[in-house]
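Novice: Attaching a single structure in structure tokens format; questions to follow.
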Amino acid sequence: MFLLLPFNSLIVNLLGISLTVLFTLLLVFIIVPAIFGVSFGIRKLYMKTLLKIFAWATLRMERGAKEKNHQLYKPYTNGIIAKDPTSLEEEIKEIRKSGSNKALDTPEFELSDIFYFCRKGMETIMDDEVTKRFSAEELESWNLLSRTNYNFQYISLRLTVLWGLGVLIRYCFLLPLRIALAFTGVSLLVVGTTMVGYLPNGRFKEFMSKHVHLMCYRICVRALTAIITYHDRENRPRNGGICVANHTSPIDVIILASDGYYAMVGQIHGGLMGVIQKAMVKACPHVWFERSEVKDRHLVAERLTEHVQDKSKLPILIFPEGTCINNTSVMMFKKGSFEIGATVYPVAIKYDPQFGDAFWNSSKYGMVTYLLRMMTSWAIVCSVWYLPPMTREANEDAVHFANRVKSAIARQGGLVDLLWDGGLKREKVKDTFKEEQQKLYSKMIVGNHEDRSRS
């Protein structure tokens with residue numbers, strides 16, 4: 001028994017030295033650079049190495065698939081049916097020309113008009129451009145993550161060994177490191193903002209609050225091995241404005257907040273999230289709502305208007321889609337944040353799914369499962385574009401203004417601009433959408449009849 005004591009003490013000493021070295025490395029290479037907002041380029045070198053490995057693995061799989069004569073993967077497409085952007089009136093006119101002698105000016109219902117609605121219905125069923133925006137996009141190449149492409153099959157022993165090595169690296173090395181960094185970032189955020197909250201209001205408190213927030217968010221970004229490229233930083237949101245961005249993931253907040261200082265808007269939660277919210281609001285004027293207040297649109301608009309009218313207050317960060325949409329498109333913006341008359345600063349966020357899929361399918365995965373998937377991905381790589389500020393034009397309503405901002409974001413981010421409501425993720429299509437098509441058709445018939453009567 002006494003002979004085992006030196007051996008036990010040796011293990012304890014080695015464990016202590018290992019933890020000391022690990023903590024020192026974290027402090028020098030991650031935490032300190034996060035405090036000062038600098039980078040040693042380690043993550044970019046890591047990304048370049050991964051790209052070379054992915055390229056080799058994909059070429060090896062393509063060669064193996066060709067030898068075995070099977071399809072390797074199915075390319076992701078935005079649509080399987082070619083659709084021309086023509087109006088209802090033009091398409092029905094074309095149908096009547098080919099199947100009837102009556103012109104469109106005839107104020108009567110034609111049986112051939114049914115074919116237009118039948119074809120549209122079949123196209124919608126076969127090529128639904130809405131629901132596929134709520135599922136992760138499938139990659140056209142392999143990144144050693146089976147979750148991103150389910151069509152890959154066994155090719156060779158070398159690739160299988162490489163995939164197994166990747167699992168070990170991601171789960172046994174990267175995951176513990178990332179959990180430690182996330183815990184550090186969240187803990188510092190709670191402690192730091194609580195301490196800053198006790199400082200008297202003034203420039204010093206604002207300075208400390210800004211740098212505590214930035215430091216903690218940068219640590220959390222490193223917990224995801226996030227490699228972010230910011231473009232046109234001269235257009236970053238300014239005080240008294242509203243920052244609006246497309247929404248792919250809950251980590252959108254961390255991505256933007258690690259490069260800017262924002263006032264958050266959201267519902268008050270319980271548990272750990274509630275503790276974080278209470279600590280943050282002590283140091284910074286965030287806008288939190290009670291559950292009962294969120295449904296009161298007038299109260300929300302009043303609180304937001306009050307905030308943006310004070311030009312000394314931070315820009316508000318809002319995601320007008322109201323839900324997470326996959327990395328391919330932008331859906332309808334809710335008009336609430338565009339009604340209050342503030343300057344809007346659009347921001348486009350586009351993730352590179354080659355290193356890890358950032359989309360949160362909330363109907364399929366809970367928050368804990370989602371974060372686990374994020375922390376076991378290779379990295380989170382994305383680009384952020386700050387667009388020039390936009391203001392509501394004279395005689396422009398909130399809906400048109402929201403659509404104009406949305407189009408600018410979609411165009412810059414290379415995303416598909418859709419008019420559909422993201423609420424369709426959990427709800428059925430509203431009757432108003434059906435009524436709108438009925439009104440267009442009836443207006444075409446009745447309107448042409450009225451015009452002919454006047455003439």
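Each chain of the structure tokens is named A, B, ... in the order shown, its residues numbered from 1; ligands are numbered from 1 in display order.
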Looking only at the backbone, which of the residues in segment 211-257 of chain A does DSSP tag as helix (DSSP H, G or I), as a VMD selection string?
Specialist: chain A and resid 211 to 223 233 to 235 252 to 257
Novice: Determine, counting only C-alpha atoms, which protein, DNA and RNA residues have an atom within 7 Å of an atom of segment 399-408 of chain A; residues of the same chain fewer than 5 positions away are not included. Present the result as a list of chain:residue names.
Specialist: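 Listing them by chain and then by number gives A:Phe333, A:Lys335, A:Phe338, A:Pro346, A:Arg392, A:Asp417.
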Novice: Would you mind exporting the chosen residues as a compact mmCIF listing (two decimals), in the first residue's frame, restricted to N, CA and C atoms?
Specialist:
# COMPACT_ATOMS: atom_id res chain seq x y z
N PHE A 333 -40.51 39.64 -43.55
CA PHE A 333 -40.16 40.40 -42.36
C PHE A 333 -41.45 40.93 -41.72
N LYS A 335 -43.68 43.54 -39.88
CA LYS A 335 -43.62 44.98 -40.12
C LYS A 335 -43.42 45.82 -38.87
N PHE A 338 -40.53 48.19 -38.47
CA PHE A 338 -40.41 49.15 -39.56
C PHE A 338 -41.47 50.26 -39.45
N PRO A 346 -29.50 47.41 -42.28
CA PRO A 346 -29.63 46.00 -42.67
C PRO A 346 -28.29 45.26 -42.56
N ARG A 392 -37.37 55.00 -44.20
CA ARG A 392 -38.68 54.87 -44.84
C ARG A 392 -38.97 56.09 -45.71
N ASP A 417 -35.14 35.38 -52.12
CA ASP A 417 -36.08 36.32 -51.51
C ASP A 417 -37.50 35.77 -51.63
Novice: Go through A:Cys172, A:Leu159, A:Cys324, A:Ile17 one by one, measure the shortest atom-to-atom distance of each to Thr248 of chain A using only C-alpha atoms, and give the residue with the smallest value.
Specialist: A:Cys324
Novice: Mind checking which residues fall within 7 Å of Tyr351 of chain A, counting only C-alpha atoms, ignoring those fewer than 2 positions away in the same chain, and posting them as a list in words?
Specialist: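 Near neighbours after the sequence-gap exclusion: Asn327, Ile349, Pro353, Val381, Cys382 and Ser383 of chain A.
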Novice: Do you know which residues are at most 9 Å from segment 43-50 of chain A counting only C-alpha atoms, after dropping those on the same chain fewer than 2 positions away, and could you put them as a PyMOL selection string?
Specialist: chain A and resi 39-41+52-55+143+222+225-227+355+378-379+381
Novice: Output N, CA and C atoms for every residue in the selection just made, as a PDB file, in the first residue's frame.
Specialist:
ATOM      1  N   SER A  39      -6.415  38.286 -33.125  1.00  0.00           N
ATOM      2  CA  SER A  39      -6.370  36.865 -33.452  1.00  0.00           C
ATOM      3  C   SER A  39      -4.976  36.502 -33.936  1.00  0.00           C
ATOM      4  N   PHE A  40      -4.518  35.309 -33.575  1.00  0.00           N
ATOM      5  CA  PHE A  40      -3.214  34.828 -34.005  1.00  0.00           C
ATOM      6  C   PHE A  40      -3.276  34.079 -35.337  1.00  0.00           C
ATOM      7  N   GLY A  41      -4.468  33.971 -35.909  1.00  0.00           N
ATOM      8  CA  GLY A  41      -4.616  33.297 -37.195  1.00  0.00           C
ATOM      9  C   GLY A  41      -4.672  31.782 -37.104  1.00  0.00           C
ATOM     10  N   LYS A  52      -8.361  21.314 -47.308  1.00  0.00           N
ATOM     11  CA  LYS A  52      -7.524  20.361 -48.048  1.00  0.00           C
ATOM     12  C   LYS A  52      -7.954  18.921 -47.772  1.00  0.00           C
ATOM     13  N   ILE A  53      -8.289  18.626 -46.499  1.00  0.00           N
ATOM     14  CA  ILE A  53      -8.736  17.276 -46.147  1.00  0.00           C
ATOM     15  C   ILE A  53     -10.071  16.961 -46.810  1.00  0.00           C
ATOM     16  N   PHE A  54     -11.007  17.926 -46.793  1.00  0.00           N
ATOM     17  CA  PHE A  54     -12.318  17.725 -47.420  1.00  0.00           C
ATOM     18  C   PHE A  54     -12.168  17.479 -48.919  1.00  0.00           C
ATOM     19  N   ALA A  55     -11.295  18.269 -49.552  1.00  0.00           N
ATOM     20  CA  ALA A  55     -11.093  18.122 -50.996  1.00  0.00           C
ATOM     21  C   ALA A  55     -10.558  16.731 -51.324  1.00  0.00           C
ATOM     22  N   ASN A 143     -17.872  16.530 -45.861  1.00  0.00           N
ATOM     23  CA  ASN A 143     -17.031  17.202 -44.880  1.00  0.00           C
ATOM     24  C   ASN A 143     -16.758  16.303 -43.669  1.00  0.00           C
ATOM     25  N   ARG A 222     -15.288  31.910 -29.921  1.00  0.00           N
ATOM     26  CA  ARG A 222     -14.184  30.960 -29.979  1.00  0.00           C
ATOM     27  C   ARG A 222     -14.604  29.585 -29.464  1.00  0.00           C
ATOM     28  N   THR A 225     -15.491  27.762 -32.402  1.00  0.00           N
ATOM     29  CA  THR A 225     -14.468  27.865 -33.441  1.00  0.00           C
ATOM     30  C   THR A 225     -15.058  28.612 -34.643  1.00  0.00           C
ATOM     31  N   ALA A 226     -15.684  29.741 -34.359  1.00  0.00           N
ATOM     32  CA  ALA A 226     -16.335  30.531 -35.409  1.00  0.00           C
ATOM     33  C   ALA A 226     -15.297  31.385 -36.134  1.00  0.00           C
ATOM     34  N   ILE A 227     -15.306  31.309 -37.447  1.00  0.00           N
ATOM     35  CA  ILE A 227     -14.416  32.101 -38.292  1.00  0.00           C
ATOM     36  C   ILE A 227     -15.305  33.048 -39.080  1.00  0.00           C
ATOM     37  N   PHE A 355     -18.404  23.462 -43.256  1.00  0.00           N
ATOM     38  CA  PHE A 355     -17.714  23.151 -42.002  1.00  0.00           C
ATOM     39  C   PHE A 355     -18.693  22.753 -40.888  1.00  0.00           C
ATOM     40  N   TRP A 378     -17.075  20.835 -37.186  1.00  0.00           N
ATOM     41  CA  TRP A 378     -15.678  21.231 -37.359  1.00  0.00           C
ATOM     42  C   TRP A 378     -15.461  22.688 -36.999  1.00  0.00           C
ATOM     43  N   ALA A 379     -16.350  23.536 -37.476  1.00  0.00           N
ATOM     44  CA  ALA A 379     -16.243  24.976 -37.201  1.00  0.00           C
ATOM     45  C   ALA A 379     -17.518  25.642 -37.688  1.00  0.00           C
ATOM     46  N   VAL A 381     -18.317  28.806 -39.953  1.00  0.00           N
ATOM     47  CA  VAL A 381     -17.711  29.803 -40.837  1.00  0.00           C
ATOM     48  C   VAL A 381     -18.821  30.627 -41.473  1.00  0.00           C
TER      49      VAL A 381
END
Novice: Please return as a PyMOL selection string: the residues of segment 251-338 of chain A that backbone DSSP assigns to strand (DSSP E).
Specialist: chain A and resi 263-267+287-289+316-318+329-330
Novice: Write out as a ChimeraX atom specification the residues lying within 10 Å of segment 198-213 of chain A, counting only C-alpha atoms and excluding same-chain residues fewer than 5 positions away.
Specialist: /A:35-37,185,188-193,218,257-258,260-262,280,282-284
Novice: Write the selection just made, keeping C-alpha atoms, as a PDB file, in the first residue's frame?
Specialist:
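part_31.pdb, freshly written:
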ATOM      1  CA  ILE A  35     -10.184  40.716 -24.467  1.00  0.00           C
ATOM      2  CA  PHE A  36      -8.202  42.826 -26.936  1.00  0.00           C
ATOM      3  CA  GLY A  37     -10.072  41.699 -30.057  1.00  0.00           C
ATOM      4  CA  GLY A 185     -17.686  33.145 -21.531  1.00  0.00           C
ATOM      5  CA  LEU A 188     -17.688  36.105 -17.160  1.00  0.00           C
ATOM      6  CA  LEU A 189     -20.752  37.686 -18.817  1.00  0.00           C
ATOM      7  CA  VAL A 190     -22.909  37.144 -15.708  1.00  0.00           C
ATOM      8  CA  VAL A 191     -20.230  38.195 -13.213  1.00  0.00           C
ATOM      9  CA  GLY A 192     -18.894  41.070 -15.307  1.00  0.00           C
ATOM     10  CA  THR A 193     -22.249  42.672 -16.132  1.00  0.00           C
ATOM     11  CA  ARG A 218     -15.736  36.868 -28.413  1.00  0.00           C
ATOM     12  CA  ALA A 257     -22.525  41.091 -30.824  1.00  0.00           C
ATOM     13  CA  SER A 258     -18.858  40.065 -31.011  1.00  0.00           C
ATOM     14  CA  GLY A 260     -20.720  45.552 -32.138  1.00  0.00           C
ATOM     15  CA  TYR A 261     -22.489  46.776 -29.027  1.00  0.00           C
ATOM     16  CA  TYR A 262     -26.275  46.273 -29.181  1.00  0.00           C
ATOM     17  CA  MET A 280     -27.091  41.971 -18.667  1.00  0.00           C
ATOM     18  CA  LYS A 282     -27.979  45.898 -15.075  1.00  0.00           C
ATOM     19  CA  ALA A 283     -25.097  46.997 -17.278  1.00  0.00           C
ATOM     20  CA  CYS A 284     -26.881  47.827 -20.529  1.00  0.00           C
TER      21      CYS A 284
END
Novice: Using only C-alpha atoms, which residues sit within 10 Å of Arg178 of chain A once same-chain residues fewer than 6 positions away are excluded, as a VMD selection string?
Specialist: chain A and resid 170 184 219 to 225 374 to 376
Novice: Between A:Ser377, A:Thr194, A:Ser442, A:Ser337, which has the minimum distance to Gly356 of chain A (counting only C-alpha atoms)?
Specialist: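 The closest residue to Gly356 of chain A is A:Ser377.
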